[in-house]
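Below is the file structure35.txt, which contains compact mmCIF, C-alpha atoms and all ligand atoms.
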```txt
# COMPACT_ATOMS: atom_id res chain seq x y z
CA MET A 436 19.52 -31.02 14.91
CA THR A 437 19.28 -32.51 18.37
CA GLN A 438 18.46 -29.99 21.05
CA ILE A 439 19.73 -30.69 24.52
CA LYS A 440 19.41 -29.10 27.89
CA ALA A 441 22.91 -27.77 28.31
CA THR A 442 24.66 -28.40 31.61
CA LYS A 443 28.17 -27.14 30.82
CA LEU A 444 30.12 -24.87 28.47
CA THR A 445 31.47 -27.72 26.38
CA ASP A 446 28.09 -29.42 25.86
CA THR A 447 27.20 -29.48 22.19
CA TYR A 448 24.34 -29.25 19.77
CA THR A 449 24.54 -31.49 16.73
CA LEU A 450 24.22 -29.84 13.32
CA SER A 451 22.25 -31.45 10.49
CA ASN A 452 25.47 -32.99 9.10
CA GLY A 453 26.40 -34.54 12.46
CA LEU A 454 29.01 -31.95 13.44
CA LYS A 455 29.07 -31.09 17.15
CA ILE A 456 29.00 -27.42 18.06
CA PRO A 457 29.56 -26.10 21.61
CA VAL A 458 26.32 -24.62 22.97
CA LEU A 459 27.82 -21.24 23.86
CA GLY A 460 30.31 -19.31 21.72
CA PHE A 461 32.55 -16.31 22.29
CA GLY A 462 31.69 -13.21 20.22
CA THR A 463 34.40 -10.88 18.92
CA PHE A 464 32.52 -8.09 17.12
CA GLU A 465 34.08 -4.72 17.97
CA ALA A 466 37.02 -6.34 19.77
CA ALA A 467 39.73 -4.17 18.24
CA ASP A 468 42.40 -5.89 16.19
CA GLY A 469 45.62 -6.21 18.15
CA GLN A 470 45.87 -6.53 21.90
CA GLU A 471 42.13 -6.28 22.64
CA ALA A 472 40.95 -9.08 20.35
CA TYR A 473 44.05 -11.16 21.12
CA GLN A 474 43.76 -10.86 24.89
CA SER A 475 40.00 -11.34 25.08
CA THR A 476 40.12 -14.45 22.88
CA LEU A 477 42.95 -15.80 25.00
CA TRP A 478 40.92 -15.17 28.17
CA ALA A 479 37.91 -16.87 26.62
CA LEU A 480 39.95 -19.97 25.84
CA LYS A 481 41.49 -19.89 29.34
CA HIS A 482 38.01 -19.82 30.88
CA GLY A 483 36.83 -22.81 28.91
CA TYR A 484 35.14 -21.44 25.79
CA ARG A 485 35.84 -23.76 22.87
CA HIS A 486 33.74 -21.93 20.29
CA ILE A 487 34.91 -18.61 18.81
CA ASP A 488 32.84 -16.43 16.49
CA THR A 489 34.60 -13.89 14.29
CA ALA A 490 34.09 -12.41 10.82
CA ALA A 491 36.23 -10.93 8.06
CA ALA A 492 34.32 -7.68 8.61
CA TYR A 493 35.45 -7.47 12.26
CA GLY A 494 39.01 -6.94 11.03
CA ASN A 495 40.40 -9.02 13.89
CA GLU A 496 40.92 -12.48 12.39
CA GLU A 497 44.71 -12.20 12.69
CA SER A 498 44.55 -11.40 16.41
CA VAL A 499 41.94 -14.11 17.03
CA GLY A 500 44.11 -16.59 15.12
CA ARG A 501 47.19 -15.68 17.12
CA ALA A 502 45.29 -16.16 20.39
CA ILE A 503 44.02 -19.54 19.24
CA LYS A 504 47.56 -20.61 18.40
CA ASP A 505 49.10 -19.26 21.60
CA SER A 506 46.36 -20.81 23.77
CA GLY A 507 47.74 -24.28 23.12
CA VAL A 508 44.20 -25.68 22.85
CA ALA A 509 44.18 -28.58 20.38
CA ARG A 510 42.60 -27.69 17.05
CA GLU A 511 40.19 -30.61 17.21
CA ASP A 512 38.83 -29.30 20.52
CA LEU A 513 37.94 -25.93 19.00
CA PHE A 514 35.03 -24.69 16.94
CA VAL A 515 35.90 -21.60 14.87
CA THR A 516 33.45 -19.60 12.79
CA THR A 517 34.07 -16.76 10.40
CA LYS A 518 31.91 -15.00 7.82
CA LEU A 519 32.02 -13.84 4.23
CA TRP A 520 31.64 -10.07 4.06
CA ASN A 521 29.28 -8.12 1.83
CA THR A 522 31.97 -6.83 -0.53
CA GLU A 523 32.91 -10.40 -1.54
CA HIS A 524 29.55 -11.51 -2.90
CA ASN A 525 30.36 -13.72 -5.83
CA TYR A 526 31.87 -17.17 -6.46
CA ASP A 527 35.42 -15.99 -7.26
CA LYS A 528 35.59 -13.42 -4.50
CA ALA A 529 34.24 -15.92 -1.97
CA LYS A 530 37.03 -18.31 -2.87
CA VAL A 531 39.68 -15.63 -2.30
CA ALA A 532 37.94 -14.45 0.88
CA LEU A 533 37.89 -17.90 2.47
CA ALA A 534 41.57 -18.42 1.68
CA SER A 535 42.35 -15.02 3.22
CA SER A 536 40.35 -15.77 6.39
CA LEU A 537 42.05 -19.15 6.83
CA LYS A 538 45.45 -17.54 6.41
CA LYS A 539 44.73 -14.78 8.91
CA LEU A 540 43.33 -17.27 11.41
CA GLN A 541 46.33 -19.60 10.80
CA LEU A 542 43.94 -22.48 10.26
CA ASP A 543 43.72 -25.28 7.67
CA TYR A 544 39.95 -25.47 7.98
CA LEU A 545 37.02 -23.63 9.54
CA ASP A 546 34.35 -25.34 11.58
CA LEU A 547 31.68 -23.03 10.20
CA TYR A 548 31.61 -20.49 7.38
CA LEU A 549 28.65 -18.13 7.09
CA ILE A 550 27.30 -15.71 4.48
CA HIS A 551 27.20 -12.64 6.74
CA TRP A 552 24.22 -10.84 5.11
CA PRO A 553 21.81 -11.99 2.38
CA ASN A 554 21.30 -8.77 0.48
CA PRO A 555 24.13 -6.21 0.71
CA GLN A 556 23.53 -2.66 -0.45
CA SER A 557 26.26 -3.04 -3.10
CA VAL A 558 24.44 -6.06 -4.58
CA ARG A 559 21.16 -4.11 -4.66
CA GLU A 560 22.87 -1.19 -6.37
CA GLU A 561 24.66 -3.31 -8.95
CA PHE A 562 22.13 -6.04 -9.70
CA GLY A 563 18.79 -4.54 -8.71
CA GLU A 564 16.13 -5.50 -6.22
CA ASP A 565 16.21 -9.24 -7.01
CA GLY A 566 19.97 -9.46 -7.55
CA TRP A 567 20.47 -11.20 -4.21
CA LYS A 568 18.74 -14.33 -5.54
CA SER A 569 21.35 -15.40 -8.11
CA ASN A 570 24.05 -13.75 -6.06
CA ASN A 571 23.46 -15.98 -3.02
CA ALA A 572 23.09 -19.05 -5.25
CA ASP A 573 26.50 -18.25 -6.78
CA ILE A 574 28.21 -17.82 -3.41
CA TRP A 575 26.55 -20.92 -2.02
CA LYS A 576 27.96 -22.96 -4.91
CA TYR A 577 31.44 -22.03 -3.68
CA PHE A 578 30.45 -22.74 -0.06
CA GLU A 579 29.38 -26.24 -1.12
CA GLU A 580 32.66 -26.81 -2.95
CA ALA A 581 34.65 -25.62 0.05
CA TYR A 582 32.59 -27.98 2.22
CA ASP A 583 33.19 -30.92 -0.13
CA ALA A 584 36.91 -30.08 -0.18
CA GLY A 585 37.06 -30.14 3.64
CA LEU A 586 38.05 -26.47 3.93
CA VAL A 587 34.97 -25.90 6.07
CA LYS A 588 33.30 -28.51 8.26
CA SER A 589 29.89 -26.84 8.09
CA ILE A 590 28.25 -24.02 6.15
CA GLY A 591 25.51 -21.61 7.01
CA VAL A 592 24.08 -18.14 6.78
CA SER A 593 23.48 -15.11 8.93
CA ASN A 594 20.71 -12.54 8.95
CA PHE A 595 18.74 -14.59 6.43
CA LEU A 596 14.95 -14.24 6.54
CA ILE A 597 12.59 -17.04 5.47
CA LYS A 598 12.37 -15.71 1.91
CA HIS A 599 16.17 -15.74 1.54
CA LEU A 600 16.33 -19.31 2.83
CA GLU A 601 13.48 -20.47 0.59
CA GLU A 602 15.23 -18.97 -2.43
CA LEU A 603 18.56 -20.58 -1.55
CA LYS A 604 16.84 -23.95 -1.21
CA LYS A 605 15.89 -23.84 -4.92
CA THR A 606 19.51 -24.29 -6.06
CA ALA A 607 21.32 -25.62 -2.98
CA LYS A 608 22.60 -29.20 -2.92
CA ILE A 609 23.49 -28.81 0.75
CA LEU A 610 21.13 -26.88 3.01
CA PRO A 611 22.48 -24.32 5.48
CA MET A 612 23.21 -25.85 8.86
CA VAL A 613 23.11 -22.60 10.85
CA ASN A 614 21.36 -19.24 10.72
CA GLN A 615 23.05 -16.66 12.96
CA ILE A 616 20.48 -14.00 13.80
CA ARG A 617 19.76 -11.39 16.42
CA LEU A 618 17.82 -13.11 19.21
CA THR A 619 17.00 -11.68 22.63
CA PRO A 620 13.79 -11.27 24.64
CA SER A 621 13.41 -7.95 22.83
CA ASP A 622 13.69 -9.48 19.35
CA GLN A 623 12.49 -13.07 19.29
CA GLN A 624 11.92 -13.53 15.53
CA GLU A 625 9.46 -16.34 16.31
CA GLU A 626 8.45 -17.26 12.76
CA LEU A 627 12.03 -17.40 11.56
CA VAL A 628 13.08 -19.46 14.58
CA LYS A 629 10.25 -21.89 13.90
CA TYR A 630 11.19 -22.14 10.23
CA ASP A 631 14.85 -22.76 11.10
CA ASN A 632 13.92 -25.44 13.62
CA GLU A 633 11.63 -27.17 11.11
CA ASN A 634 14.42 -27.12 8.53
CA ASN A 635 17.17 -28.46 10.79
CA ILE A 636 18.92 -25.10 10.85
CA LEU A 637 20.44 -24.23 14.23
CA ASN A 638 19.56 -20.76 15.50
CA GLU A 639 22.67 -18.99 16.71
CA ALA A 640 21.79 -15.95 18.83
CA TYR A 641 23.89 -12.88 18.23
CA SER A 642 23.89 -9.84 20.54
CA PRO A 643 22.44 -12.22 23.17
CA LEU A 644 23.20 -9.72 25.95
CA GLU A 645 21.04 -7.20 24.10
CA ARG A 646 24.24 -5.13 23.85
CA ASN A 647 23.62 -4.18 27.50
CA GLY A 648 20.19 -2.76 26.64
CA PHE A 649 18.52 -4.61 29.54
CA ASN A 650 21.03 -3.59 32.23
CA ASN A 651 18.55 -1.22 33.88
CA ASN A 652 15.42 -3.22 33.16
CA GLU A 653 13.66 -3.81 36.47
CA ALA A 654 12.06 -7.11 35.45
CA VAL A 655 15.37 -8.62 34.34
CA LEU A 656 17.20 -7.22 37.38
CA ASN A 657 14.58 -8.75 39.70
CA ILE A 658 14.89 -12.13 38.04
CA GLY A 659 18.67 -11.88 38.44
CA THR A 660 18.33 -11.10 42.14
CA LYS A 661 16.05 -14.11 42.60
CA TYR A 662 18.66 -16.55 41.20
CA ASN A 663 21.69 -14.55 42.40
CA LYS A 664 22.66 -14.00 38.75
CA THR A 665 23.57 -10.97 36.63
CA VAL A 666 21.34 -9.57 33.89
CA GLN A 667 23.75 -11.08 31.37
CA GLN A 668 23.56 -14.53 32.97
CA VAL A 669 19.75 -14.39 32.96
CA LEU A 670 19.72 -13.47 29.25
CA LEU A 671 22.15 -16.26 28.36
CA ARG A 672 20.11 -18.79 30.32
CA TRP A 673 16.95 -17.66 28.53
CA SER A 674 18.73 -18.12 25.19
CA LEU A 675 19.97 -21.63 26.04
CA GLU A 676 16.57 -22.72 27.34
CA LYS A 677 15.06 -21.64 24.01
CA GLY A 678 17.49 -24.01 22.27
CA PHE A 679 19.50 -21.11 20.80
CA LEU A 680 23.27 -20.92 20.69
CA PRO A 681 24.23 -17.59 22.29
CA LEU A 682 27.43 -15.76 21.33
CA PRO A 683 28.19 -13.26 24.13
CA LYS A 684 31.04 -10.83 23.52
CA SER A 685 33.24 -9.12 26.08
CA THR A 686 36.70 -7.67 26.34
CA HIS A 687 36.82 -7.91 30.15
CA GLU A 688 38.14 -11.07 31.77
CA GLN A 689 35.67 -10.87 34.64
CA TYR A 690 32.71 -10.63 32.24
CA ILE A 691 34.12 -13.31 29.93
CA GLN A 692 34.26 -15.64 32.92
CA SER A 693 30.92 -14.71 34.50
CA ASN A 694 29.15 -15.18 31.16
CA THR A 695 30.05 -18.87 31.39
CA ASP A 696 28.38 -19.29 34.78
CA VAL A 697 24.95 -20.07 33.38
CA PHE A 698 24.63 -23.81 33.78
CA ASP A 699 23.64 -24.14 37.44
CA PHE A 700 20.14 -22.68 37.39
CA GLU A 701 16.90 -22.96 35.48
CA LEU A 702 14.39 -20.20 34.87
CA SER A 703 10.92 -20.90 36.19
CA GLN A 704 8.03 -20.89 33.73
CA GLU A 705 6.87 -17.66 35.28
CA ASP A 706 10.24 -15.95 34.78
CA THR A 707 10.52 -17.25 31.23
CA ALA A 708 7.08 -15.75 30.55
CA LEU A 709 8.22 -12.43 32.03
CA LEU A 710 11.26 -12.40 29.74
CA ASP A 711 9.17 -13.46 26.73
CA GLY A 712 6.96 -10.48 27.50
CA LEU A 713 9.83 -8.04 26.88
CA SER A 714 9.44 -8.24 23.11
CA GLY A 715 10.06 -4.86 21.50
CA THR A 716 11.33 -3.20 24.70
CA ALA A 717 14.98 -2.84 23.64
CA GLY A 718 16.86 -3.41 20.36
CA ALA A 719 15.88 -5.19 17.15
CA HIS A 720 17.61 -6.63 14.10
CA ASN A 721 18.37 -4.61 10.99
CA ASP A 722 16.20 -5.37 7.98
CA PRO A 723 18.67 -7.15 5.69
CA ASP A 724 16.88 -5.91 2.56
CA THR A 725 17.26 -2.23 3.43
CA ALA A 726 20.38 -2.11 5.64
CA THR A 727 22.83 0.46 4.31
CA PHE A 728 25.87 -1.82 4.12
N1 LIG B 1 26.10 -12.08 12.28
C1 LIG B 1 25.95 -10.82 12.59
O1 LIG B 1 25.50 -9.99 11.79
C2 LIG B 1 26.30 -10.36 13.97
C3 LIG B 1 25.91 -9.09 14.42
C4 LIG B 1 26.25 -8.71 15.71
C5 LIG B 1 26.95 -9.61 16.53
N2 LIG B 1 27.34 -10.82 16.06
C6 LIG B 1 28.12 -11.79 16.90
O2 LIG B 1 27.52 -11.89 18.18
C7 LIG B 1 28.44 -11.48 19.18
C8 LIG B 1 27.74 -10.80 20.35
O3 LIG B 1 26.99 -9.70 19.94
P1 LIG B 1 27.36 -8.19 20.30
O4 LIG B 1 28.83 -8.07 20.42
O5 LIG B 1 26.65 -7.35 19.31
O6 LIG B 1 26.63 -7.93 21.69
P2 LIG B 1 26.39 -8.61 23.11
O7 LIG B 1 27.24 -9.83 23.26
O8 LIG B 1 24.93 -8.71 23.29
O9 LIG B 1 26.91 -7.46 24.08
C9 LIG B 1 28.25 -7.08 24.13
C10 LIG B 1 28.36 -5.95 25.14
O10 LIG B 1 28.05 -6.43 26.45
C11 LIG B 1 29.10 -6.11 27.34
N3 LIG B 1 29.21 -7.20 28.31
C12 LIG B 1 29.49 -8.50 28.06
N4 LIG B 1 29.40 -9.24 29.18
C13 LIG B 1 29.07 -8.40 30.18
C14 LIG B 1 28.85 -8.58 31.55
N5 LIG B 1 28.92 -9.78 32.11
N6 LIG B 1 28.54 -7.48 32.29
C15 LIG B 1 28.42 -6.26 31.72
N7 LIG B 1 28.61 -6.03 30.39
C16 LIG B 1 28.93 -7.10 29.63
C17 LIG B 1 30.33 -5.99 26.48
O11 LIG B 1 31.25 -5.13 27.11
P3 LIG B 1 32.84 -5.24 26.96
O12 LIG B 1 33.15 -5.74 25.59
O13 LIG B 1 33.29 -3.84 27.22
O14 LIG B 1 33.32 -6.19 28.00
C18 LIG B 1 29.76 -5.37 25.21
O15 LIG B 1 29.62 -3.97 25.37
C19 LIG B 1 29.38 -10.55 18.40
O16 LIG B 1 30.57 -10.27 19.11
C20 LIG B 1 29.55 -11.31 17.13
O17 LIG B 1 30.44 -12.39 17.31
C21 LIG B 1 27.01 -11.21 14.80
```
Give the structure from the file, written as structure tokens.
Amino acid sequence: MTQIKATKLTDTYTLSNGLKIPVLGFGTFEAADGQEAYQSTLWALKHGYRHIDTAAAYGNEESVGRAIKDSGVAREDLFVTTKLWNTEHNYDKAKVALASSLKKLQLDYLDLYLIHWPNPQSVREEFGEDGWKSNNADIWKYFEEAYDAGLVKSIGVSNFLIKHLEELKKTAKILPMVNQIRLTPSDQQEELVKYDNENNILNEAYSPLERNGFNNNEAVLNIGTKYNKTVQQVLLRWSLEKGFLPLPKSTHEQYIQSNTDVFDFELSQEDTALLDGLSGTAGAHNDPDTATF
């Protein structure tokens, strides 16, 4: 993975297989299926985003797909990610799930397909505490086949911890190219980030705006004032300067647009240190081994 200092929305990182991925993506979690997801995706594409992040679990793939189609943006200029949900955790189900996602999105191929969570509650209940090990190996086998068949241009994981990645490595022929995890100044997951970097796995940052949890934080507000930027723009800049790939979500055109305006300033070392110091002051990721879904 080559890490660059991004200067515009369409700048790219390069994944371990050579695929280019735009440095900032548009999140769609909780964008309701129908008009909301459709309109916000359309706005995102209008304002220059070329990377869209959805998931089967978000229930909005059809609306996202319709917006992609209606936008008129050429398929080869887009990067589209979706994710395999927890209820589809075996080889056969993964195959059906990918076909269903492609159909809903009206696409012939995905740019990135992710295992959404490494250790769903249903897998724990059915196969016991260590069930996730063979379970993920089984799914990954299908991911590799889909990759070889050209149905997906890259494959990766989400919410995987080091132990899940180490286990997957034992049977994988192709290593994950991406790990999509919660990353903000409040939850920096340093060891995992380091591991991913050392293993050529790109860190995608979900909930990069801290789900608005820093909106009233004086330190972040002061930094924003200094650069004439919003709290959200400061958080996105922090994410990019760490070499992460942030995926901000919004359903408001004004926010969708302003979240792209993050390429004309650089945080000083002092301000980066202030943001780094906010660890544990807002939200944190769910433990994938105990999450109740
Ligand atoms: N892999 C996973 O398990 C996982 C988990 C969570 C998220 N994700 C991905 O990451 C994406 C982003 O994460 P997220 O949706 O949890 O949270 P987020 O992007 O950190 O925050 C979204 C919230 O911020 C608000 N917002 C956005 N821009 C704003 C602005 N400029 N000013 C004020 N408010 C603003 C949005 O409001 P409005 O929508 O009302 O505009 C929404 O309430 C998701 O959509 C999804 O694609 C992945």
Next on the checklist: Applying 10 Å and only C-alpha atoms, which residues near Val508 (chain A) remain after dropping the ones on its own chain fewer than 5 positions away? List them as number ranges by chain.
Outcome noted: A: 480-481, 483, 485, 502-503, 513
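Minimum atom-to-atom distance to ligand LIG 1 (chain B), evaluated using all atoms listed in the file, belongs to A:Lys664 out of A:Lys588, A:Lys664, A:Arg559, A:Lys576.
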Checklist entry - Out of A:Trp575, A:Thr727, A:Ala607, A:Phe700, which residue has the shortest atom-to-atom distance to Lys661 (chain A) when counting all atoms listed in the file? => result A:Phe700
Next on the checklist: List as a PyMOL selection string the protein and nucleic acid residues lying within 8 Å of ligand LIG 1 (chain B), with only C-alpha atoms and all ligand atoms counted.
Outcome noted: chain A and resi 461-466+487-490+518+551-552+593-594+615-617+640-647+650+665-668+681-694
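Atom pair CA of Tyr493 (chain A) / CA of Leu540 (chain A): separated by 12.6 Å.
Shortest separation to Lys528 (chain A) among A:Tyr473, A:Phe728, A:Phe679, A:Phe578 occurs at residue A:Phe578, atoms counted being all atoms listed in the file.
Closest approach to Ala534 (chain A) from the set A:Met612, A:Leu586, A:Ile574, A:Ile456 is made by A:Leu586, with distances taken over all atoms listed in the file.
Take CA of Trp673 (chain A) and CA of Ala717 (chain A): the distance between them is 15.7 Å.
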Checklist entry - Taking into account all atoms listed in the file, which residue in the set A:Ala572, A:Leu618, A:Val655, A:Leu600 is nearest to Ile636 (chain A)? => result A:Leu600
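Taking CA of Ser569 (chain A) and CA of Gln556 (chain A) as endpoints, the distance between them is 15.0 Å.
Non-sequential neighbours of Thr707 (chain A) (distance at most 10 Å, separation of 4 or more positions within a chain, all atoms listed in the file) are A:Pro620, A:Ile658, A:Val669, A:Arg672, A:Trp673, A:Glu676, A:Lys677, A:Glu701, A:Leu702, A:Ser703, A:Asp711, A:Gly712.
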Next on the checklist: Applying 12 Å and only C-alpha atoms, which residues near Glu523 (chain A) remain after dropping the ones on its own chain fewer than 3 positions away? List them as a list in words.
Outcome noted: Ala491, Ala492, Lys518, Leu519, Trp520, Tyr526, Asp527, Lys528, Ala529, Lys530, Val531, Ala532, Leu533, Ser535, Ile550, His551, Trp552, Pro553, Asn554, Pro555, Ser557, Val558, Asn570, Asn571, Asp573, Ile574 and Tyr577 of chain A
Item to check | Of the listed residues A:Phe698, A:Tyr582, A:Phe514, A:Tyr544, that which approaches Tyr448 (chain A) most closely, counting all atoms listed in the file | outcome: A:Phe514
If we count only C-alpha atoms and set the cut-off at 9 Å, which residues sit around Thr442 (chain A), ignoring sequence neighbours fewer than 3 positions away in its own chain? Please answer as a short mmCIF file (atom, residue, chain, number, x, y, z; two decimals) with C-alpha atoms, keeping the file's coordinate frame.
```cif
data_model
loop_
_atom_site.label_atom_id
_atom_site.label_comp_id
_atom_site.auth_asym_id
_atom_site.auth_seq_id
_atom_site.Cartn_x
_atom_site.Cartn_y
_atom_site.Cartn_z
CA ILE A 439 19.73 -30.69 24.52
CA THR A 445 31.47 -27.72 26.38
CA ASP A 446 28.09 -29.42 25.86
CA VAL A 697 24.95 -20.07 33.38
CA PHE A 698 24.63 -23.81 33.78
CA ASP A 699 23.64 -24.14 37.44
#
```
Using all atoms listed in the file, which protein or nucleic acid residues come within 9 Å of Ser451 (chain A)? Drop anything in the same chain fewer than 2 positions from it, and give the result as a tab-separated table (two decimals) with C-alpha atoms, in the coordinates of the input.
```
chain	number	residue	atom	x	y	z
A	436	MET	CA	19.52	-31.02	14.91
A	437	THR	CA	19.28	-32.51	18.37
A	449	THR	CA	24.54	-31.49	16.73
A	453	GLY	CA	26.40	-34.54	12.46
A	454	LEU	CA	29.01	-31.95	13.44
A	610	LEU	CA	21.13	-26.88	3.01
A	611	PRO	CA	22.48	-24.32	5.48
A	612	MET	CA	23.21	-25.85	8.86
A	613	VAL	CA	23.11	-22.60	10.85
A	635	ASN	CA	17.17	-28.46	10.79
A	636	ILE	CA	18.92	-25.10	10.85
A	637	LEU	CA	20.44	-24.23	14.23
```
Centre and edge lengths of an axis-aligned box around all listed atoms of region 603-612 of chain A, with 6 Å added on each side, are to be given in Å to one decimal, as JSON.
```
{"center_x": 19.7, "center_y": -24.9, "center_z": 1.4, "size_x": 19.6, "size_y": 20.6, "size_z": 26.9}
```
